[in-house]
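Structure data follow from final-v2.cif (mmCIF, C-alpha atoms):
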```
data_my_file
loop_
_atom_site.label_atom_id
_atom_site.label_comp_id
_atom_site.auth_asym_id
_atom_site.auth_seq_id
_atom_site.Cartn_x
_atom_site.Cartn_y
_atom_site.Cartn_z
CA MET B 1 32.72 23.53 11.41
CA THR B 2 36.27 22.48 10.64
CA SER B 3 36.91 18.77 11.10
CA ILE B 4 39.61 17.79 13.56
CA GLY B 5 41.76 15.85 11.12
CA GLY B 6 40.71 13.20 8.64
CA ALA B 7 38.00 10.68 9.52
CA ALA B 8 37.50 12.53 12.76
CA SER B 9 34.07 11.07 13.43
CA SER B 10 35.16 7.42 13.18
CA GLY B 11 36.67 5.16 15.80
CA MET B 12 36.32 5.20 19.57
CA VAL B 13 35.69 8.96 19.92
CA ASP B 14 33.63 11.25 17.70
CA TRP B 15 35.99 14.21 17.93
CA ASN B 16 33.84 16.59 15.90
CA LEU B 17 30.88 15.84 18.15
CA ALA B 18 33.07 16.62 21.14
CA VAL B 19 33.84 20.06 19.70
CA ALA B 20 30.19 20.69 18.80
CA THR B 21 28.98 19.62 22.25
CA ALA B 22 31.52 21.76 24.11
CA THR B 23 30.75 24.77 21.93
CA ARG B 24 27.02 24.38 22.49
CA LEU B 25 27.26 23.95 26.26
CA MET B 26 30.00 26.43 27.19
CA ARG B 27 29.15 29.59 29.04
CA PRO B 28 29.13 32.88 27.17
CA GLY B 29 32.17 35.08 27.66
CA PRO B 30 32.22 38.50 29.34
CA ASP B 31 30.44 41.37 27.70
CA VAL B 32 33.01 43.36 25.71
CA SER B 33 32.71 45.51 22.62
CA ARG B 34 34.51 44.61 19.42
CA ASP B 35 36.99 47.45 19.96
CA GLU B 36 37.65 46.30 23.53
CA ALA B 37 38.23 42.75 22.33
CA ARG B 38 40.74 43.93 19.71
CA ALA B 39 42.56 45.98 22.35
CA VAL B 40 42.77 43.00 24.74
CA VAL B 41 44.18 40.73 22.02
CA ALA B 42 46.77 43.33 21.01
CA GLU B 43 47.83 43.89 24.61
CA LEU B 44 48.17 40.17 25.32
CA ARG B 45 50.42 39.83 22.28
CA ARG B 46 52.62 42.70 23.50
CA HIS B 47 52.79 41.22 26.98
CA ALA B 48 53.74 37.80 25.62
CA GLN B 49 56.62 39.30 23.67
CA ALA B 50 57.82 41.24 26.71
CA SER B 51 57.37 38.21 28.98
CA GLU B 52 59.70 36.11 26.87
CA GLU B 53 62.56 38.52 27.56
CA HIS B 54 61.67 38.81 31.27
CA VAL B 55 61.48 35.03 31.77
CA ARG B 56 64.69 34.25 29.92
CA GLY B 57 66.57 36.96 31.77
CA PHE B 58 65.34 35.78 35.18
CA THR B 59 65.84 32.04 34.63
CA GLY B 60 68.91 32.03 32.40
CA LEU B 61 67.12 29.51 30.16
CA GLY B 62 67.14 29.73 26.39
CA THR B 63 69.01 33.01 26.22
CA GLU B 64 70.66 32.06 22.92
CA GLU B 65 68.07 29.76 21.34
CA THR B 66 65.35 30.76 18.93
CA HIS B 67 62.06 28.96 18.54
CA ASP B 68 59.11 28.92 16.19
CA THR B 69 56.31 28.08 18.61
CA PRO B 70 53.40 30.37 17.76
CA LEU B 71 51.35 32.47 20.17
CA LEU B 72 47.58 32.20 19.64
CA VAL B 73 45.13 34.48 21.44
CA VAL B 74 41.91 32.46 21.30
CA ASP B 75 38.32 32.48 22.48
CA ARG B 76 36.71 29.57 24.31
CA PRO B 77 35.73 27.60 21.17
CA GLY B 78 39.26 28.10 19.84
CA TRP B 79 40.69 26.63 23.04
CA VAL B 80 38.40 23.61 22.69
CA ARG B 81 39.41 22.98 19.07
CA ALA B 82 43.09 23.20 19.96
CA ASN B 83 42.77 20.76 22.85
CA VAL B 84 40.69 18.25 20.91
CA ALA B 85 43.39 18.22 18.23
CA GLY B 86 46.01 17.60 20.91
CA PHE B 87 43.98 14.87 22.64
CA ARG B 88 43.38 13.10 19.34
CA GLU B 89 47.09 13.04 18.55
CA LEU B 90 48.20 11.94 22.02
CA LEU B 91 45.54 9.25 22.45
CA ARG B 92 45.77 7.84 18.92
CA PRO B 93 47.93 4.78 19.85
CA LEU B 94 45.62 3.79 22.72
CA LEU B 95 42.43 4.25 20.71
CA ASP B 96 43.86 2.29 17.79
CA LYS B 97 44.62 -0.61 20.14
CA MET B 98 41.10 -0.47 21.57
CA GLN B 99 39.67 -0.43 18.06
CA GLU B 100 41.66 -3.54 17.12
CA ARG B 101 40.69 -5.31 20.32
CA ARG B 102 37.00 -4.65 19.70
CA GLY B 103 37.04 -6.15 16.21
CA THR B 104 35.57 -5.12 12.88
CA GLY B 105 32.37 -7.14 12.54
CA PRO B 106 29.05 -5.44 11.57
CA GLY B 107 27.71 -5.51 15.12
CA ASN B 108 30.92 -4.13 16.53
CA ALA B 109 30.91 -1.37 13.94
CA VAL B 110 27.43 -0.26 15.05
CA LEU B 111 28.42 -0.42 18.72
CA GLY B 112 31.59 1.49 17.90
CA ALA B 113 29.69 4.29 16.18
CA VAL B 114 27.28 4.62 19.10
CA GLY B 115 30.10 4.41 21.65
CA GLY B 116 32.13 6.99 19.76
CA LYS B 117 29.24 9.44 19.87
CA VAL B 118 28.63 8.85 23.57
CA THR B 119 32.32 9.38 24.31
CA GLY B 120 32.35 12.47 22.09
CA VAL B 121 29.43 13.98 24.04
CA GLU B 122 31.08 13.17 27.38
CA LEU B 123 34.39 14.69 26.29
CA GLY B 124 32.52 17.75 25.02
CA MET B 125 30.80 18.18 28.40
CA LEU B 126 34.17 18.04 30.15
CA LEU B 127 35.72 20.55 27.77
CA SER B 128 32.77 22.92 28.14
CA PHE B 129 33.41 22.94 31.89
CA LEU B 130 37.11 23.63 31.49
CA ALA B 131 36.81 26.11 28.60
CA SER B 132 35.66 28.95 30.86
CA ARG B 133 38.39 28.35 33.46
CA VAL B 134 41.70 28.07 31.60
CA LEU B 135 43.55 31.39 31.29
CA GLY B 136 46.44 30.13 29.20
CA GLN B 137 48.17 26.95 28.16
CA TYR B 138 51.35 25.80 26.51
CA GLU B 139 50.20 22.96 24.28
CA THR B 140 53.13 20.58 24.33
CA PHE B 141 51.74 17.96 21.93
CA ALA B 142 50.08 20.24 19.42
CA PRO B 143 49.67 19.04 15.84
CA ALA B 144 49.38 21.80 13.26
CA THR B 145 45.97 22.13 11.59
CA ARG B 146 44.63 24.50 8.97
CA ASP B 147 43.31 26.86 11.65
CA LEU B 148 45.85 26.17 14.41
CA PRO B 149 49.55 26.53 13.56
CA ALA B 150 52.19 24.82 15.67
CA GLY B 151 55.95 24.76 15.86
CA ALA B 152 57.93 22.69 13.38
CA ASN B 153 59.16 19.18 14.21
CA GLY B 154 56.46 18.53 16.77
CA GLY B 155 56.83 21.85 18.57
CA GLY B 156 53.91 23.23 20.52
CA ARG B 157 51.95 26.44 20.65
CA LEU B 158 51.13 28.95 23.38
CA LEU B 159 47.44 29.72 23.92
CA LEU B 160 46.04 32.72 25.81
CA VAL B 161 42.27 32.57 26.34
CA ALA B 162 41.29 36.24 26.14
CA PRO B 163 37.67 36.08 27.43
CA ASN B 164 38.70 34.09 30.49
CA ILE B 165 41.48 36.52 31.34
CA VAL B 166 39.05 39.43 31.11
CA HIS B 167 36.47 37.55 33.18
CA VAL B 168 38.91 36.79 36.01
CA GLU B 169 40.46 40.26 36.13
CA ARG B 170 36.95 41.69 36.53
CA GLU B 171 35.97 39.07 39.10
CA LEU B 172 39.07 39.80 41.19
CA ASP B 173 38.79 43.56 40.67
CA VAL B 174 42.48 43.93 39.87
CA GLU B 175 44.35 46.25 37.52
CA PRO B 176 43.74 44.74 34.05
CA HIS B 177 47.09 45.58 32.47
CA ASP B 178 49.01 44.16 35.44
CA PHE B 179 46.91 41.00 35.53
CA ARG B 180 47.35 40.34 31.80
CA LEU B 181 51.11 40.65 32.08
CA TRP B 182 51.16 38.47 35.19
CA VAL B 183 49.27 35.69 33.40
CA THR B 184 51.51 35.81 30.34
CA LEU B 185 54.61 35.54 32.56
CA HIS B 186 53.36 32.18 33.84
CA GLU B 187 52.48 30.80 30.42
CA GLU B 188 55.66 32.13 28.80
CA THR B 189 57.65 30.26 31.44
CA HIS B 190 56.13 27.01 30.18
CA ARG B 191 57.04 27.88 26.59
CA THR B 192 60.59 28.66 27.70
CA GLN B 193 60.85 25.37 29.61
CA PHE B 194 60.09 23.32 26.51
CA THR B 195 61.92 25.43 23.93
CA ALA B 196 65.09 25.69 26.04
CA VAL B 197 65.11 22.01 27.09
CA PRO B 198 64.83 20.04 23.82
CA TRP B 199 64.56 16.59 25.39
CA LEU B 200 61.71 17.50 27.75
CA ARG B 201 58.86 17.08 25.28
CA ASP B 202 59.99 13.64 24.10
CA HIS B 203 60.55 12.52 27.68
CA LEU B 204 57.05 13.54 28.72
CA GLU B 205 55.49 11.97 25.65
CA GLY B 206 57.36 8.74 26.33
CA GLU B 207 56.08 8.62 29.90
CA ILE B 208 52.51 9.33 28.80
CA GLN B 209 52.63 6.67 26.09
CA SER B 210 54.03 4.17 28.61
CA PHE B 211 51.12 5.02 30.89
CA LEU B 212 48.62 4.49 28.08
CA GLU B 213 50.26 1.23 27.00
CA GLU B 214 49.59 -0.14 30.47
CA THR B 215 45.88 0.59 30.06
CA ASP B 216 43.70 -2.49 29.70
CA VAL B 217 42.52 -2.06 26.11
CA ASP B 218 39.32 -4.06 26.52
CA PRO B 219 36.62 -1.34 26.31
CA MET B 220 34.19 -3.11 28.66
CA THR B 221 36.89 -3.50 31.29
CA VAL B 222 37.78 0.18 31.02
CA LEU B 223 34.11 1.18 31.36
CA GLU B 224 33.73 -1.10 34.38
CA ARG B 225 36.73 0.51 36.06
CA VAL B 226 35.29 3.95 35.38
CA ARG B 227 31.96 2.85 36.91
CA GLU B 228 33.68 1.52 40.03
CA ALA B 229 35.74 4.69 40.32
CA ALA B 230 32.63 6.85 40.04
CA GLN B 231 30.93 4.78 42.74
CA SER B 232 33.93 5.24 44.99
CA LEU B 233 33.98 8.97 44.49
CA ALA B 234 30.23 9.20 45.10
CA GLY B 235 30.50 7.25 48.34
CA GLY B 236 28.90 4.15 46.82
CA ARG B 237 31.95 1.91 46.78
CA PRO B 238 31.02 -1.79 46.76
CA GLU B 239 31.03 -3.32 50.23
CA GLY B 240 34.40 -4.62 51.37
CA GLU B 241 36.51 -2.42 49.04
CA GLU B 242 38.77 -0.02 50.87
CA GLY B 243 41.52 2.47 50.21
CA ASP B 244 40.14 4.71 47.45
CA GLU B 245 38.86 7.54 49.65
CA GLY B 246 39.75 10.97 48.40
CA ARG B 247 41.27 9.77 45.12
CA SER B 248 40.30 11.19 41.77
CA LEU B 249 39.00 9.30 38.78
CA VAL B 250 42.40 9.67 37.14
CA GLU B 251 44.10 8.08 40.14
CA VAL B 252 41.68 5.19 40.59
CA VAL B 253 41.58 3.97 36.98
CA GLN B 254 45.13 2.65 36.72
CA THR B 255 47.29 -0.43 37.19
CA PRO B 256 50.22 -0.72 39.63
CA ALA B 257 52.63 -0.04 36.75
CA GLN B 258 50.63 3.07 35.88
CA ARG B 259 50.87 4.30 39.47
CA GLU B 260 54.65 4.18 39.22
CA ILE B 261 54.59 6.12 35.95
CA LEU B 262 52.04 8.56 37.36
CA GLY B 263 54.37 9.24 40.28
CA ARG B 264 57.11 10.31 37.86
CA LEU B 265 54.69 12.39 35.81
CA THR B 266 53.35 14.07 38.95
CA ALA B 267 56.89 15.05 39.94
CA VAL B 268 57.61 16.55 36.50
CA MET B 269 54.32 18.43 36.39
CA SER B 270 54.88 19.74 39.92
CA LEU B 271 58.30 20.98 38.82
CA LEU B 272 56.95 22.69 35.70
CA GLU B 273 53.99 24.34 37.42
CA GLY B 274 55.94 25.33 40.52
CA HIS B 275 58.76 26.76 38.41
CA ALA B 276 56.24 28.85 36.46
CA ASP B 277 54.74 30.22 39.68
CA PHE B 278 58.20 30.94 41.09
CA VAL B 279 59.26 32.80 37.96
CA MET B 280 55.97 34.67 37.75
CA ASP B 281 56.41 35.95 41.30
CA GLY B 282 60.15 36.53 40.90
CA VAL B 283 59.75 38.72 37.83
CA GLY B 284 56.50 40.25 39.01
CA PRO B 285 57.71 42.89 41.48
CA GLU B 286 59.93 44.44 38.80
CA VAL B 287 57.30 44.74 36.07
CA VAL B 288 53.86 44.24 37.70
CA PRO B 289 53.27 46.97 40.31
CA SER B 290 50.21 45.31 41.88
CA VAL B 291 51.61 41.76 41.90
CA ALA B 292 51.10 41.25 45.65
CA GLU B 293 47.40 42.08 45.43
CA ILE B 294 46.95 39.93 42.33
CA ARG B 295 48.70 36.94 43.88
CA GLU B 296 46.68 37.12 47.10
CA LYS B 297 43.33 37.38 45.34
CA PHE B 298 44.20 34.74 42.75
CA GLN B 299 45.35 32.26 45.38
CA GLN B 300 42.07 32.71 47.25
CA ARG B 301 40.18 32.08 44.03
CA ARG B 302 42.23 28.95 43.26
CA ALA B 303 41.64 27.53 46.70
CA LYS B 304 37.90 27.94 47.09
CA GLY B 305 36.48 27.21 43.64
CA ALA B 306 33.32 28.81 42.33
CA SER B 307 30.61 26.50 43.69
CA ARG B 308 29.88 23.13 45.21
CA LEU B 309 29.50 21.66 41.72
CA ASP B 310 32.81 23.19 40.71
CA MET B 311 34.52 21.65 43.73
CA ALA B 312 32.97 18.24 43.03
CA LEU B 313 34.11 18.30 39.42
CA ARG B 314 37.58 19.45 40.42
CA LYS B 315 37.83 16.44 42.73
CA LEU B 316 36.52 14.03 40.11
CA LEU B 317 38.92 15.28 37.44
CA GLY B 318 41.93 15.42 39.73
CA LEU B 319 42.20 19.22 39.57
CA ASP B 320 42.75 19.37 43.34
CA ALA B 321 45.95 17.43 42.70
CA LYS B 322 46.95 20.11 40.20
CA LEU B 323 46.56 22.77 42.89
CA ARG B 324 48.90 20.74 45.10
CA GLN B 325 51.35 20.60 42.20
CA TYR B 326 51.51 24.40 42.12
CA ARG B 327 52.16 24.61 45.86
CA ASP B 328 54.55 21.69 46.23
CA GLY B 329 56.47 22.52 43.07
CA GLU B 330 56.89 26.17 43.98
CA ARG B 331 58.21 25.21 47.43
CA PHE B 332 60.68 22.82 45.80
CA VAL B 333 62.00 25.43 43.37
CA ARG B 334 62.26 28.11 46.03
CA ALA B 335 64.11 25.82 48.44
CA VAL B 336 66.59 24.67 45.79
CA VAL B 337 67.27 28.19 44.50
CA ASP B 338 67.81 29.37 48.09
CA GLU B 339 70.30 26.54 48.61
CA VAL B 340 72.30 26.44 45.34
CA GLY B 341 71.19 29.52 43.35
CA MET B 342 69.48 29.71 39.96
CA ASP B 343 72.39 28.15 38.10
CA GLY B 344 72.41 25.28 40.56
CA PHE B 345 68.68 24.80 40.19
CA ASN B 346 68.98 24.78 36.39
CA ARG B 347 70.86 21.51 36.61
CA VAL B 348 67.37 20.04 36.90
CA TRP B 349 67.11 20.49 33.11
CA THR B 350 70.29 18.51 32.33
CA SER B 351 68.61 15.17 31.57
CA PRO B 352 65.72 12.96 32.72
CA ASN B 353 68.06 11.64 35.42
CA THR B 354 68.29 15.07 37.07
CA LEU B 355 64.55 15.59 37.25
CA PRO B 356 63.27 15.38 40.84
CA THR B 357 61.37 12.34 42.00
CA LYS B 358 58.00 12.68 43.67
CA ALA B 359 59.71 12.14 47.04
CA GLU B 360 62.32 14.79 46.25
CA ILE B 361 59.62 17.33 45.42
CA ALA B 362 58.55 16.97 49.04
CA LYS B 363 62.18 16.96 50.29
CA PRO B 364 64.21 19.36 48.12
CA ALA B 365 67.36 18.79 50.18
CA ASP B 366 67.41 15.19 48.95
CA TRP B 367 67.51 16.39 45.33
CA VAL B 368 70.31 18.83 46.15
CA THR B 369 72.28 16.04 47.80
CA ARG B 370 71.78 13.67 44.86
CA VAL B 371 72.49 16.11 42.03
CA HIS B 372 75.06 18.36 43.73
CA ARG B 373 76.76 15.79 45.93
CA LYS B 374 80.47 16.37 46.20
CA PRO B 375 82.73 13.58 44.95
CA GLU B 376 84.51 11.76 47.71
CA ALA B 377 88.18 12.67 48.13
#
```
Go ahead and express the file in the form of structure tokens.
Amino acid sequence: MTSIGGAASSGMVDWNLAVATATRLMRPGPDVSRDEARAVVAELRRHAQASEEHVRGFTGLGTEETHDTPLLVVDRPGWVRANVAGFRELLRPLLDKMQERRGTGPGNAVLGAVGGKVTGVELGMLLSFLASRVLGQYETFAPATRDLPAGANGGGRLLLVAPNIVHVERELDVEPHDFRLWVTLHEETHRTQFTAVPWLRDHLEGEIQSFLEETDVDPMTVLERVREAAQSLAGGRPEGEEGDEGRSLVEVVQTPAQREILGRLTAVMSLLEGHADFVMDGVGPEVVPSVAEIREKFQQRRAKGASRLDMALRKLLGLDAKLRQYRDGERFVRAVVDEVGMDGFNRVWTSPNTLPTKAEIAKPADWVTRVHRKPEA
């Protein structure tokens, strides 16, 4: 197995163990022949190339720019390796601080090795759950590795998870060629967002690093907060503690400063996801004949989840909040485009100051007033 960077098994997380655990536990993909698999990969590549032109024409974004972000059609283990590499890069500053806080004595070294393996197994279990569900992903913070190329100067890469796309198109009983193009339209929109708006990646990374910097770097304190959050989610909140009902683990384990940052991040992610859904449906009728059927069936699948366990894990991981991001963000984009047109909406990409706030996502007219307000005579 390829190591995820140098000294990947040291420190607070055993990254290679995370990959090994996820690969061992993940579900097998759909039954396809080798020729069928080759055909799916080739078609996804064609659709991605066509989607780039469709998305840029519809949005007016990036019509002149070129980019070097690669497209990778991967299987489930490939998706895991790519995400572990991204996690390791993004979390490096936080984990380094935790390592320094813990100390370097012999006893701490032993505890660190054990803790790193435990964390690696837990991360692997999480990734094994997600690996069979993700259809595609634009990896914004993707470091290049020997097996996983990425764009120059910190650029990302676009992943399409072929077995998951085949699995869902069969589950929904939709036209495969239409569904594959529909999926690539969504993911290509994310690539266009980041390649056409150069400051967006650095802005997001800055917000995420600010969030992580606010994290209490004492490992025992972090573990205690996780324990309390898990008790809350399981209905076993200590007596006298109120106010955490219905909140995910991600939402509970944070400081007041982190809540403020998370509000800004939620607004940006709602914008990005809602914009991708809006574009996908806007382009769809022209190039995807069965788009209405696909959208209806896919929305039903998104809403209900696969099982009680699936729903519980979605709640724990905050994935229900992601579903709200799709809905709220799409309503925001549609309302703004209806009011000021696509060119008027695209002012959202001018700078961090023109991004909508969390409150404006819920009230698009407030964003229009703020960004498009007429100067007083």
Could you list as a list of chain:residue names every residue that has an atom within 9 Å of (59.5, 11.1, 40.8), using the file's coordinates and counting only C-alpha atoms? B:Glu260, B:Ile261, B:Leu262, B:Gly263, B:Arg264, B:Leu265, B:Thr266, B:Ala267, B:Val268, B:Leu355, B:Pro356, B:Thr357, B:Lys358, B:Ala359, B:Glu360, B:Ile361
When the PyMOL selection byres ((chain B and resi 125) around 10) is applied to the structure above, which residues does it catch, written out as a ChimeraX atom specification? /B:18-26,119-124,126-131
Would you save the residues from that selection as a CSV table (one decimal), in the frame of the given file, using C-alpha atoms?
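Result file again36.csv:
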```
chain,number,residue,atom,x,y,z
B,18,ALA,CA,33.1,16.6,21.1
B,19,VAL,CA,33.8,20.1,19.7
B,20,ALA,CA,30.2,20.7,18.8
B,21,THR,CA,29.0,19.6,22.2
B,22,ALA,CA,31.5,21.8,24.1
B,23,THR,CA,30.8,24.8,21.9
B,24,ARG,CA,27.0,24.4,22.5
B,25,LEU,CA,27.3,24.0,26.3
B,26,MET,CA,30.0,26.4,27.2
B,119,THR,CA,32.3,9.4,24.3
B,120,GLY,CA,32.4,12.5,22.1
B,121,VAL,CA,29.4,14.0,24.0
B,122,GLU,CA,31.1,13.2,27.4
B,123,LEU,CA,34.4,14.7,26.3
B,124,GLY,CA,32.5,17.8,25.0
B,126,LEU,CA,34.2,18.0,30.2
B,127,LEU,CA,35.7,20.6,27.8
B,128,SER,CA,32.8,22.9,28.1
B,129,PHE,CA,33.4,22.9,31.9
B,130,LEU,CA,37.1,23.6,31.5
B,131,ALA,CA,36.8,26.1,28.6
```
Running the PyMOL selection byres ((chain B and resi 352) around 12) on this model by hand, what would come out? Give it as an MDAnalysis selection string. chainID B and resid 197:204 206:207 264:265 267:268 347:351 353:357 371
Test item: the PyMOL selection byres ((chain B and resi 289) around 12) resolved as a PDB file with C-alpha atoms, in the frame of the given file:
```pdb
ATOM      1  CA  VAL B 174      42.480  43.930  39.870  1.00  0.00           C
ATOM      2  CA  GLU B 175      44.350  46.250  37.520  1.00  0.00           C
ATOM      3  CA  PRO B 176      43.740  44.740  34.050  1.00  0.00           C
ATOM      4  CA  HIS B 177      47.090  45.580  32.470  1.00  0.00           C
ATOM      5  CA  ASP B 178      49.010  44.160  35.440  1.00  0.00           C
ATOM      6  CA  PHE B 179      46.910  41.000  35.530  1.00  0.00           C
ATOM      7  CA  LEU B 181      51.110  40.650  32.080  1.00  0.00           C
ATOM      8  CA  TRP B 182      51.160  38.470  35.190  1.00  0.00           C
ATOM      9  CA  ASP B 281      56.410  35.950  41.300  1.00  0.00           C
ATOM     10  CA  VAL B 283      59.750  38.720  37.830  1.00  0.00           C
ATOM     11  CA  GLY B 284      56.500  40.250  39.010  1.00  0.00           C
ATOM     12  CA  PRO B 285      57.710  42.890  41.480  1.00  0.00           C
ATOM     13  CA  GLU B 286      59.930  44.440  38.800  1.00  0.00           C
ATOM     14  CA  VAL B 287      57.300  44.740  36.070  1.00  0.00           C
ATOM     15  CA  VAL B 288      53.860  44.240  37.700  1.00  0.00           C
ATOM     16  CA  SER B 290      50.210  45.310  41.880  1.00  0.00           C
ATOM     17  CA  VAL B 291      51.610  41.760  41.900  1.00  0.00           C
ATOM     18  CA  ALA B 292      51.100  41.250  45.650  1.00  0.00           C
ATOM     19  CA  GLU B 293      47.400  42.080  45.430  1.00  0.00           C
ATOM     20  CA  ILE B 294      46.950  39.930  42.330  1.00  0.00           C
ATOM     21  CA  ARG B 295      48.700  36.940  43.880  1.00  0.00           C
TER      22      ARG B 295
END
```
Pick from B:Gly156, B:Pro30, B:Gly57, B:Gly151, whichever lies nearest to His190 in chain B using only C-alpha atoms: B:Gly156
